[in-house]
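Data block for data_14.tsv (TSV, C-alpha atoms):
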```tsv
chain	number	residue	atom	x	y	z
Y	1	MET	CA	0.00	0.00	0.00
Y	2	SER	CA	1.38	3.44	-0.89
Y	3	ASP	CA	1.80	6.16	1.77
Y	4	ALA	CA	-0.94	8.19	0.12
Y	5	SER	CA	-3.50	5.41	0.17
Y	6	GLN	CA	-2.55	4.55	3.78
Y	7	ASP	CA	-3.20	8.19	4.66
Y	8	THR	CA	-6.53	8.04	2.89
Y	9	GLU	CA	-7.47	4.86	4.77
Y	10	ARG	CA	-6.45	6.38	8.09
Y	11	HIS	CA	-8.49	9.49	7.34
Y	12	LYS	CA	-11.55	7.42	6.40
Y	13	HIS	CA	-11.25	5.35	9.56
Y	14	LYS	CA	-10.90	8.41	11.79
Y	15	MET	CA	-13.86	10.14	10.17
Y	16	ALA	CA	-16.01	6.98	10.33
Y	17	ASN	CA	-15.35	6.80	14.08
Y	18	ARG	CA	-16.23	10.44	14.50
Y	19	LYS	CA	-19.46	9.95	12.56
Y	20	ALA	CA	-20.41	6.93	14.71
Y	21	VAL	CA	-19.92	8.99	17.89
Y	22	GLN	CA	-21.95	11.83	16.45
Y	23	ASP	CA	-24.79	9.54	15.30
Y	24	ALA	CA	-24.98	7.98	18.76
Y	25	GLU	CA	-25.15	11.44	20.36
Y	26	VAL	CA	-27.96	12.51	18.02
Y	27	ALA	CA	-29.95	9.31	18.76
Y	28	GLU	CA	-29.87	10.05	22.52
Y	29	LYS	CA	-31.71	13.33	22.09
Y	30	THR	CA	-35.43	12.70	21.88
Y	31	ILE	CA	-37.17	15.61	23.62
Y	32	GLU	CA	-39.09	18.21	21.61
Y	33	LYS	CA	-40.06	21.40	23.42
Y	34	GLY	CA	-40.49	25.10	23.06
Y	35	LEU	CA	-37.08	26.51	23.94
Y	36	LEU	CA	-36.22	29.56	25.98
Y	37	ILE	CA	-33.18	31.00	24.20
Y	38	VAL	CA	-31.04	33.86	25.56
Y	39	ASN	CA	-28.45	35.78	23.52
Y	40	THR	CA	-26.36	37.98	25.78
Y	41	GLY	CA	-22.84	39.42	26.15
Y	42	LYS	CA	-21.14	42.64	25.03
Y	43	GLY	CA	-20.47	41.50	21.45
Y	44	LYS	CA	-22.45	41.98	18.25
Y	45	GLY	CA	-24.95	39.46	16.98
Y	46	LYS	CA	-27.41	39.06	19.84
Y	47	SER	CA	-30.42	40.61	18.09
Y	48	THR	CA	-29.01	39.73	14.68
Y	49	ALA	CA	-28.93	36.01	15.54
Y	50	ALA	CA	-32.51	36.31	16.83
Y	51	PHE	CA	-33.54	37.72	13.44
Y	52	GLY	CA	-31.64	34.90	11.74
Y	53	LEU	CA	-33.83	32.47	13.72
Y	54	LEU	CA	-36.86	34.47	12.64
Y	55	LEU	CA	-35.82	33.99	9.00
Y	56	ARG	CA	-35.30	30.25	9.57
Y	57	GLY	CA	-38.65	29.94	11.35
Y	58	LEU	CA	-40.41	31.79	8.54
Y	59	GLY	CA	-39.00	29.27	6.07
Y	60	ARG	CA	-40.49	26.52	8.23
Y	61	GLY	CA	-43.91	28.14	8.15
Y	62	LEU	CA	-43.94	29.29	11.78
Y	63	ARG	CA	-45.92	32.39	12.70
Y	64	ILE	CA	-43.60	34.70	14.66
Y	65	GLY	CA	-44.04	37.60	17.07
Y	66	VAL	CA	-41.46	40.30	17.74
Y	67	VAL	CA	-41.58	42.77	20.62
Y	68	GLN	CA	-38.80	45.35	20.73
Y	69	PHE	CA	-38.15	46.76	24.19
Y	70	GLY	CA	-35.34	49.11	23.30
Y	71	LYS	CA	-35.30	50.35	19.75
Y	72	GLY	CA	-37.77	53.23	19.80
Y	73	ALA	CA	-38.93	54.30	16.41
Y	74	TRP	CA	-35.81	53.14	14.56
Y	75	ASP	CA	-36.47	52.16	11.01
Y	76	THR	CA	-34.40	48.99	10.65
Y	77	GLY	CA	-33.63	46.87	7.62
Y	78	GLU	CA	-35.02	43.69	9.16
Y	79	LYS	CA	-38.36	45.37	9.85
Y	80	THR	CA	-38.64	46.42	6.21
Y	81	ALA	CA	-37.56	42.98	4.94
Y	82	ILE	CA	-40.18	41.04	6.89
Y	83	GLU	CA	-42.96	42.99	5.19
Y	84	ALA	CA	-42.49	40.41	2.42
Y	85	PHE	CA	-44.00	37.83	4.81
Y	86	GLY	CA	-47.18	39.79	5.54
Y	87	ASP	CA	-49.24	38.42	8.40
Y	88	GLN	CA	-46.72	35.66	9.20
Y	89	VAL	CA	-44.86	38.16	11.41
Y	90	VAL	CA	-46.47	40.31	14.11
Y	91	TRP	CA	-44.07	43.14	14.95
Y	92	HIS	CA	-44.36	45.59	17.85
Y	93	THR	CA	-41.79	48.25	18.59
Y	94	LEU	CA	-42.81	49.52	22.00
Y	95	GLY	CA	-39.58	50.69	23.58
Y	96	GLU	CA	-39.04	54.43	23.60
Y	97	GLY	CA	-35.37	54.10	22.74
Y	98	PHE	CA	-32.62	53.53	25.27
Y	99	THR	CA	-32.90	55.34	28.54
Y	100	TRP	CA	-30.01	57.73	27.81
Y	101	GLU	CA	-32.06	58.95	24.87
Y	102	THR	CA	-35.26	59.54	26.83
Y	103	GLN	CA	-33.71	60.60	30.17
Y	104	ASP	CA	-37.00	59.89	31.88
Y	105	ARG	CA	-37.25	56.81	34.06
Y	106	GLU	CA	-41.02	56.89	34.46
Y	107	ARG	CA	-41.51	56.97	30.73
Y	108	ASP	CA	-39.04	54.05	30.35
Y	109	VAL	CA	-40.93	51.99	32.93
Y	110	ALA	CA	-44.27	52.71	31.25
Y	111	ALA	CA	-42.85	51.74	27.85
Y	112	ALA	CA	-41.39	48.50	29.24
Y	113	GLU	CA	-44.72	47.62	30.84
Y	114	ARG	CA	-46.59	48.25	27.61
Y	115	ALA	CA	-44.08	46.06	25.74
Y	116	TRP	CA	-44.35	43.29	28.31
Y	117	GLY	CA	-48.16	43.41	28.08
Y	118	LYS	CA	-47.85	42.89	24.33
Y	119	ALA	CA	-45.44	39.99	24.93
Y	120	GLN	CA	-47.97	38.34	27.28
Y	121	GLU	CA	-50.67	38.75	24.66
Y	122	LEU	CA	-48.54	37.04	22.00
Y	123	MET	CA	-47.57	34.25	24.43
Y	124	ALA	CA	-51.29	33.55	24.88
Y	125	ASP	CA	-51.95	33.44	21.12
Y	126	PRO	CA	-51.71	29.79	19.96
Y	127	SER	CA	-50.98	30.84	16.36
Y	128	ILE	CA	-47.61	32.28	17.48
Y	129	ARG	CA	-44.86	29.63	17.50
Y	130	MET	CA	-41.79	31.80	18.01
Y	131	LEU	CA	-41.54	35.03	20.00
Y	132	ILE	CA	-38.56	37.38	19.95
Y	133	LEU	CA	-38.26	39.69	22.96
Y	134	ASP	CA	-35.58	42.00	21.66
Y	135	GLU	CA	-33.55	43.87	24.33
Y	136	LEU	CA	-35.79	42.61	27.14
Y	137	ASN	CA	-32.57	42.11	29.15
Y	138	ILE	CA	-32.06	45.89	29.23
Y	139	SER	CA	-35.51	46.50	30.75
Y	140	LEU	CA	-34.79	43.79	33.32
Y	141	ARG	CA	-31.37	45.15	34.12
Y	142	TYR	CA	-32.66	48.65	34.84
Y	143	GLY	CA	-35.47	47.18	36.93
Y	144	HIS	CA	-38.18	48.50	34.63
Y	145	LEU	CA	-39.87	45.11	34.92
Y	146	ASP	CA	-39.97	42.64	37.80
Y	147	ILE	CA	-37.58	39.77	37.07
Y	148	GLU	CA	-39.56	37.19	39.07
Y	149	GLU	CA	-42.84	37.93	37.30
Y	150	VAL	CA	-41.18	37.91	33.89
Y	151	VAL	CA	-39.34	34.62	34.50
Y	152	ALA	CA	-42.51	32.99	35.88
Y	153	ASP	CA	-44.41	33.92	32.70
Y	154	LEU	CA	-41.55	32.75	30.46
Y	155	LYS	CA	-41.37	29.40	32.27
Y	156	ALA	CA	-45.14	28.96	31.89
Y	157	ARG	CA	-44.91	29.29	28.08
Y	158	ARG	CA	-46.80	26.84	25.87
Y	159	GLY	CA	-44.91	23.64	24.94
Y	160	ASP	CA	-44.88	24.59	21.26
Y	161	LEU	CA	-43.60	28.15	21.68
Y	162	HIS	CA	-39.93	29.09	21.27
Y	163	ILE	CA	-38.96	32.36	22.97
Y	164	VAL	CA	-35.77	34.27	22.17
Y	165	VAL	CA	-34.58	36.97	24.59
Y	166	THR	CA	-31.74	39.36	23.67
Y	167	GLY	CA	-29.66	42.05	25.32
Y	168	ARG	CA	-26.47	42.31	27.33
Y	169	ASN	CA	-26.30	41.57	31.07
Y	170	ALA	CA	-28.88	38.77	31.17
Y	171	LYS	CA	-30.03	38.26	34.78
Y	172	PRO	CA	-28.97	35.03	36.55
Y	173	GLU	CA	-32.63	34.12	37.13
Y	174	LEU	CA	-33.26	34.22	33.37
Y	175	ILE	CA	-30.13	32.17	32.58
Y	176	GLU	CA	-31.25	29.60	35.15
Y	177	ALA	CA	-34.66	29.28	33.45
Y	178	ALA	CA	-33.27	29.14	29.88
Y	179	ASP	CA	-32.57	26.08	27.70
Y	180	LEU	CA	-29.95	27.70	25.49
Y	181	VAL	CA	-27.73	30.61	26.48
Y	182	THR	CA	-25.03	32.06	24.25
Y	183	GLU	CA	-22.64	34.84	25.15
Y	184	MET	CA	-21.48	37.03	22.28
Y	185	THR	CA	-18.00	38.33	23.10
Y	186	PRO	CA	-16.32	41.11	21.11
Y	187	VAL	CA	-12.86	40.13	19.85
Y	188	LYS	CA	-12.39	43.11	17.54
Y	189	HIS	CA	-14.73	45.96	16.59
Y	190	HIS	CA	-14.63	48.31	13.61
Y	191	PHE	CA	-16.05	51.22	15.67
Y	192	ASP	CA	-12.67	51.20	17.47
Y	193	ALA	CA	-11.06	51.89	14.09
Y	194	GLY	CA	-13.32	54.91	13.41
Y	195	VAL	CA	-15.77	53.14	11.10
Y	196	LYS	CA	-19.33	54.49	11.41
Y	197	ALA	CA	-22.63	52.63	11.65
Y	198	GLN	CA	-23.70	51.62	8.13
Y	199	LYS	CA	-26.99	50.66	6.48
Y	200	GLY	CA	-27.48	46.92	6.23
Y	201	ILE	CA	-24.91	46.27	8.96
Y	202	GLU	CA	-25.90	48.17	12.11
Y	203	PHE	CA	-29.46	49.12	11.14
X	204	MET	CA	-37.49	69.30	46.67
X	205	SER	CA	-38.89	65.86	47.49
X	206	ASP	CA	-36.65	62.77	47.52
X	207	ALA	CA	-38.50	61.41	44.49
X	208	SER	CA	-37.99	64.51	42.39
X	209	GLN	CA	-34.32	64.68	43.49
X	210	ASP	CA	-33.94	61.08	42.29
X	211	THR	CA	-35.59	61.98	39.00
X	212	GLU	CA	-33.26	64.97	38.58
X	213	ARG	CA	-30.20	62.84	39.38
X	214	HIS	CA	-31.33	60.21	36.88
X	215	LYS	CA	-31.87	62.84	34.15
X	216	HIS	CA	-28.46	64.35	34.80
X	217	LYS	CA	-26.70	60.99	34.69
X	218	MET	CA	-28.46	59.95	31.50
X	219	ALA	CA	-27.81	63.35	29.86
X	220	ASN	CA	-24.08	62.89	30.58
X	221	ARG	CA	-24.16	59.39	29.16
X	222	LYS	CA	-25.91	60.61	26.02
X	223	ALA	CA	-23.34	63.40	25.56
X	224	VAL	CA	-20.48	60.87	25.77
X	225	GLN	CA	-22.25	58.57	23.32
X	226	ASP	CA	-23.00	61.39	20.84
X	227	ALA	CA	-19.33	62.46	20.91
X	228	GLU	CA	-18.24	58.88	20.26
X	229	VAL	CA	-20.62	58.54	17.31
X	230	ALA	CA	-19.39	61.85	15.81
X	231	GLU	CA	-15.79	60.59	15.82
X	232	LYS	CA	-16.63	57.68	13.51
X	233	THR	CA	-16.63	58.85	9.92
X	234	ILE	CA	-15.26	56.00	7.81
X	235	GLU	CA	-17.56	54.00	5.52
X	236	LYS	CA	-16.17	50.75	4.12
X	237	GLY	CA	-17.02	47.24	3.16
X	238	LEU	CA	-16.47	45.26	6.35
X	239	LEU	CA	-14.89	41.87	6.80
X	240	ILE	CA	-16.93	40.30	9.59
X	241	VAL	CA	-16.05	37.01	11.32
X	242	ASN	CA	-18.42	35.05	13.60
X	243	THR	CA	-16.53	32.29	15.37
X	244	GLY	CA	-16.48	30.33	18.66
X	245	LYS	CA	-18.08	27.11	19.88
X	246	GLY	CA	-21.49	28.64	20.66
X	247	LYS	CA	-24.67	28.88	18.62
X	248	GLY	CA	-25.51	31.88	16.48
X	249	LYS	CA	-22.54	32.20	14.11
X	250	SER	CA	-24.41	31.35	10.90
X	251	THR	CA	-27.70	32.50	12.40
X	252	ALA	CA	-26.34	36.02	13.01
X	253	ALA	CA	-24.99	36.02	9.44
X	254	PHE	CA	-28.51	35.25	8.18
X	255	GLY	CA	-29.86	38.00	10.44
X	256	LEU	CA	-27.50	40.41	8.64
X	257	LEU	CA	-28.77	39.02	5.35
X	258	LEU	CA	-32.34	39.86	6.40
X	259	ARG	CA	-31.26	43.37	7.45
X	260	GLY	CA	-29.35	43.89	4.20
X	261	LEU	CA	-32.34	42.70	2.16
X	262	GLY	CA	-34.47	45.33	3.88
X	263	ARG	CA	-31.91	47.92	2.83
X	264	GLY	CA	-32.12	46.81	-0.79
X	265	LEU	CA	-28.67	45.20	-0.95
X	266	ARG	CA	-28.14	42.28	-3.33
X	267	ILE	CA	-26.58	39.45	-1.35
X	268	GLY	CA	-24.59	36.33	-2.16
X	269	VAL	CA	-24.38	33.22	0.02
X	270	VAL	CA	-21.86	30.41	-0.41
X	271	GLN	CA	-22.18	27.48	1.98
X	272	PHE	CA	-18.97	25.53	2.45
X	273	GLY	CA	-20.25	22.95	4.90
X	274	LYS	CA	-23.93	22.23	4.71
X	275	GLY	CA	-24.19	19.74	1.88
X	276	ALA	CA	-27.67	19.36	0.52
X	277	TRP	CA	-29.43	20.31	3.78
X	278	ASP	CA	-32.80	21.84	3.22
X	279	THR	CA	-32.80	24.72	5.70
X	280	GLY	CA	-35.54	27.12	6.73
X	281	GLU	CA	-33.52	30.22	5.83
X	282	LYS	CA	-32.98	28.93	2.30
X	283	THR	CA	-36.73	28.45	1.84
X	284	ALA	CA	-37.53	31.84	3.37
X	285	ILE	CA	-35.25	33.84	1.07
X	286	GLU	CA	-37.13	32.54	-1.97
X	287	ALA	CA	-39.53	35.40	-1.17
X	288	PHE	CA	-36.76	37.79	-2.28
X	289	GLY	CA	-36.20	36.22	-5.70
X	290	ASP	CA	-33.13	37.45	-7.52
X	291	GLN	CA	-32.03	39.68	-4.62
X	292	VAL	CA	-30.25	36.67	-3.12
X	293	VAL	CA	-27.82	34.42	-4.98
X	294	TRP	CA	-27.45	31.20	-2.97
X	295	HIS	CA	-24.90	28.43	-3.60
X	296	THR	CA	-24.61	25.36	-1.42
X	297	LEU	CA	-21.38	23.78	-2.57
X	298	GLY	CA	-20.07	21.96	0.47
X	299	GLU	CA	-20.57	18.20	0.46
X	300	GLY	CA	-21.46	18.14	4.14
X	301	PHE	CA	-18.97	17.94	6.96
X	302	THR	CA	-15.95	15.78	6.44
X	303	TRP	CA	-17.09	13.13	8.93
X	304	GLU	CA	-20.11	12.61	6.72
X	305	THR	CA	-18.16	12.20	3.48
X	306	GLN	CA	-15.05	10.51	4.92
X	307	ASP	CA	-13.17	11.41	1.78
X	308	ARG	CA	-10.59	14.18	1.99
X	309	GLU	CA	-10.07	14.57	-1.75
X	310	ARG	CA	-13.77	15.08	-2.27
X	311	ASP	CA	-13.84	17.64	0.58
X	312	VAL	CA	-10.94	19.57	-0.96
X	313	ALA	CA	-12.60	19.56	-4.39
X	314	ALA	CA	-15.90	20.79	-2.87
X	315	ALA	CA	-14.11	23.57	-0.94
X	316	GLU	CA	-12.31	24.67	-4.10
X	317	ARG	CA	-15.55	24.78	-6.07
X	318	ALA	CA	-17.18	26.81	-3.31
X	319	TRP	CA	-14.22	29.21	-3.15
X	320	GLY	CA	-14.36	29.66	-6.95
X	321	LYS	CA	-18.01	30.65	-6.61
X	322	ALA	CA	-17.09	33.08	-3.80
X	323	GLN	CA	-14.46	34.70	-6.05
X	324	GLU	CA	-17.05	35.05	-8.82
X	325	LEU	CA	-19.50	36.80	-6.48
X	326	MET	CA	-16.73	39.06	-5.10
X	327	ALA	CA	-16.08	40.18	-8.68
X	328	ASP	CA	-19.78	40.91	-9.36
X	329	PRO	CA	-20.44	44.62	-8.63
X	330	SER	CA	-24.16	44.00	-8.10
X	331	ILE	CA	-23.35	41.98	-4.95
X	332	ARG	CA	-23.05	44.20	-1.85
X	333	MET	CA	-22.92	41.57	0.89
X	334	LEU	CA	-21.42	38.09	0.70
X	335	ILE	CA	-21.88	35.39	3.33
X	336	LEU	CA	-19.22	32.66	3.34
X	337	ASP	CA	-20.90	30.19	5.65
X	338	GLU	CA	-18.58	27.72	7.43
X	339	LEU	CA	-15.56	28.88	5.42
X	340	ASN	CA	-13.58	28.62	8.68
X	341	ILE	CA	-14.05	24.84	8.65
X	342	SER	CA	-12.53	24.51	5.18
X	343	LEU	CA	-9.63	26.70	6.29
X	344	ARG	CA	-9.11	24.79	9.50
X	345	TYR	CA	-8.84	21.44	7.73
X	346	GLY	CA	-6.47	22.97	5.18
X	347	HIS	CA	-8.88	22.38	2.28
X	348	LEU	CA	-8.07	25.89	1.10
X	349	ASP	CA	-4.87	27.92	1.36
X	350	ILE	CA	-5.27	30.51	4.13
X	351	GLU	CA	-2.88	33.03	2.55
X	352	GLU	CA	-4.65	33.00	-0.81
X	353	VAL	CA	-8.07	33.27	0.81
X	354	VAL	CA	-7.06	36.16	3.10
X	355	ALA	CA	-5.37	38.00	0.20
X	356	ASP	CA	-8.61	37.79	-1.84
X	357	LEU	CA	-10.75	38.87	1.11
X	358	LYS	CA	-8.50	41.86	1.80
X	359	ALA	CA	-8.71	42.87	-1.88
X	360	ARG	CA	-12.53	43.04	-1.74
X	361	ARG	CA	-14.33	46.01	-3.27
X	362	GLY	CA	-14.84	49.01	-0.98
X	363	ASP	CA	-18.63	48.60	-1.12
X	364	LEU	CA	-18.74	44.87	-0.36
X	365	HIS	CA	-19.38	43.51	3.15
X	366	ILE	CA	-18.19	39.94	3.67
X	367	VAL	CA	-19.33	37.72	6.55
X	368	VAL	CA	-17.33	34.57	7.37
X	369	THR	CA	-18.66	31.99	9.84
X	370	GLY	CA	-17.45	28.82	11.53
X	371	ARG	CA	-15.59	27.85	14.68
X	372	ASN	CA	-11.81	28.02	14.99
X	373	ALA	CA	-11.23	31.10	12.83
X	374	LYS	CA	-7.57	31.26	11.79
X	375	PRO	CA	-5.42	34.04	13.33
X	376	GLU	CA	-4.60	35.34	9.82
X	377	LEU	CA	-8.31	35.87	9.16
X	378	ILE	CA	-8.90	37.56	12.52
X	379	GLU	CA	-5.95	39.86	11.80
X	380	ALA	CA	-7.50	40.89	8.46
X	381	ALA	CA	-11.05	41.33	9.81
X	382	ASP	CA	-12.82	44.55	10.91
X	383	LEU	CA	-15.30	42.90	13.27
X	384	VAL	CA	-14.78	39.60	15.07
X	385	THR	CA	-17.28	38.12	17.51
X	386	GLU	CA	-16.85	34.94	19.49
X	387	MET	CA	-20.03	33.04	20.29
X	388	THR	CA	-19.51	31.17	23.58
X	389	PRO	CA	-21.90	28.49	24.82
X	390	VAL	CA	-23.13	29.15	28.37
X	391	LYS	CA	-25.85	26.49	28.38
X	392	HIS	CA	-27.10	24.14	25.66
X	393	HIS	CA	-30.36	22.23	25.40
X	394	PHE	CA	-28.68	19.29	23.60
X	395	ASP	CA	-27.00	18.59	26.95
X	396	ALA	CA	-30.48	18.16	28.42
X	397	GLY	CA	-31.52	15.62	25.76
X	398	VAL	CA	-33.47	18.02	23.55
X	399	LYS	CA	-33.27	17.15	19.85
X	400	ALA	CA	-32.66	19.40	16.85
X	401	GLN	CA	-35.98	21.03	15.90
X	402	LYS	CA	-37.37	22.64	12.74
X	403	GLY	CA	-37.08	26.41	12.81
X	404	ILE	CA	-34.37	26.33	15.46
X	405	GLU	CA	-31.50	24.16	14.24
X	406	PHE	CA	-32.50	23.85	10.56
```

For the structure just supplied, provide its representation as structure tokens.
Amino acid sequence: MSDASQDTERHKHKMANRKAVQDAEVAEKTIEKGLLIVNTGKGKGKSTAAFGLLLRGLGRGLRIGVVQFGKGAWDTGEKTAIEAFGDQVVWHTLGEGFTWETQDRERDVAAAERAWGKAQELMADPSIRMLILDELNISLRYGHLDIEEVVADLKARRGDLHIVVTGRNAKPELIEAADLVTEMTPVKHHFDAGVKAQKGIEF
Amino acid sequence: MSDASQDTERHKHKMANRKAVQDAEVAEKTIEKGLLIVNTGKGKGKSTAAFGLLLRGLGRGLRIGVVQFGKGAWDTGEKTAIEAFGDQVVWHTLGEGFTWETQDRERDVAAAERAWGKAQELMADPSIRMLILDELNISLRYGHLDIEEVVADLKARRGDLHIVVTGRNAKPELIEAADLVTEMTPVKHHFDAGVKAQKGIEF
């Protein structure tokens, strides 16, 4: 046998083993459930990954709700794009912008409560199969909403409803209740090199 | 002045300061450029955040290319969803699946080279304003493509082209060349609790 064909055989053997391990791992997982997903951390991609899941869910025919706790009246690319899907997405932007824009705590609390009311409504609607609570972590962090009440409602979600929560500084109580938690960590950021926010990237 | 109104005043003052700092930071950033973005790490959300950017870019009217290096013939939700945008997305799935599925290194190398050729074609097409190279990091990690050639081409991209590269284990040469690098770190994963891959979430 030549060296090259020995290498090929070794590679095949190694990869066959790896595939067997992977297949066995997949076979062990049998539970289906509505997941509570949290994207947190200081890096980019928390909301963006939530909207990637929205796109995936749309392709699977799921009806999806979005409640934005922080974005105010921003006109974002993703909001325009989902118009192509008509009634398959229910979108509510109820935040008044971040608190350092409004500089009025009472108004922030009222906005968070309105947004949370809308979230509860969508959680109760059986046609909704995925719900994105964008920047909810910010409202929780500033104490605009009660963490215990919010977590209790999230835990009581229907078995066929996936919920995605975004925002930095996720509370420990939320992480404890979640099925999937990912931390987005910045390694390098173009803002540090003087690059501005651009259409299609930041908004 | 009551305690409550003193608190309100203090809050307004603090938030006004924070806004002033933020406004000054935004004003300093003046450069517009096509970004090289890398989503890496062992956590979820690398490809998903790339597809969130795709959705945002679509809403901004950008024409977008996607080349998948790793997914084989998987029928994914995001691929179905973008059919709503017709010719605004050019989608190529050229990977033959992960190497432990094919167990044939020569075939993997040939598939990676075909995918890279398609990426070069899209980079040369001035109508394309965003290009997603999904799981390119895997092909680079296994040495299916030459890192120096790939990085040289990526650096030579047009000034109005954003490129998004995904996959764990991004090479240091790629990180060095990138404008924005985010590491997705798993904090908690539902597979560890026996939950299976579900439609609309994993595929």

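Neighbours of Gly264 of chain X closer than or equal to 9 Å, with all atoms listed in the file counted and sequence neighbours fewer than 5 positions away skipped, come out as Gly77, Ala81 and Gly200 of chain Y; Arg259 and Gln291 of chain X.
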
(message) From the options X:Ile350, X:Ala314, X:Met387, X:Ile404, which residue's atoms come nearest to Leu161 of chain Y, counting all atoms listed in the file?
(response) X:Ile404

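Each of Y:Phe203, Y:Tyr142, Y:Trp91, Y:Phe85 was checked against Ala170 of chain Y using only C-alpha atoms; the smallest atom-to-atom distance is that of Y:Tyr142.
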
(message) When you count all atoms listed in the file, which of these residues is closest to chain X: Y:Glu106, Y:Glu113, Y:Glu202, Y:Glu78?
(response)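 Going through Y:Glu106, Y:Glu113, Y:Glu202, Y:Glu78 one by one, the smallest distance to chain X is for Y:Glu78.
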
(request) Find the residue from X:Gly320, X:Pro389, X:Asp307, X:Asp349 that sits nearest to Ser5 of chain Y; use only C-alpha atoms when measuring. (result)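 Nearest candidate to Ser5 of chain Y out of X:Gly320, X:Pro389, X:Asp307, X:Asp349: X:Asp307.
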
(request) Return as JSON, numbers by chain the residues belonging to chain Y that are within 7 Å of chain X, counting only C-alpha atoms. (result) {"Y": [12, 15, 16, 18, 19, 28, 29, 30, 31, 32, 43, 44, 45, 48, 49, 51, 52, 53, 55, 56, 57, 58, 59, 60, 77, 78, 80, 81, 84, 100, 101, 103, 104, 179, 180, 181, 182, 183, 184, 185, 186, 187, 188, 189, 190, 191, 194, 195, 196, 199, 200, 201]}

(message) Considering all atoms listed in the file, can you say which of X:Gln271, X:Gln323, X:Asn340, X:Ser330 comes closest to Ala359 of chain X?
(response)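 Closest residue, counting all atoms listed in the file: X:Gln323.
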
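Rounded to one decimal, atom CA of Gly346 of chain X and atom CA of Ile331 of chain X lie 27.4 Å from each other.
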
(message) What's the separation between atom CA of Leu297 of chain X and atom CA of Glu338 of chain X, in Å to one decimal place?
(response)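 So the answer is 11.1 Å.
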
(message) What's the separation between atom CA of Arg371 of chain X and atom CA of Arg344 of chain X, in Å to one decimal place?
(response)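 Atom CA of Arg344 of chain X lies 8.8 Å from atom CA of Arg371 of chain X.
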
(request) Find the residue from X:Arg266, X:His347, X:Arg360, X:Arg310 that sits nearest to Val293 of chain X; use all atoms listed in the file when measuring. (result) X:Arg266
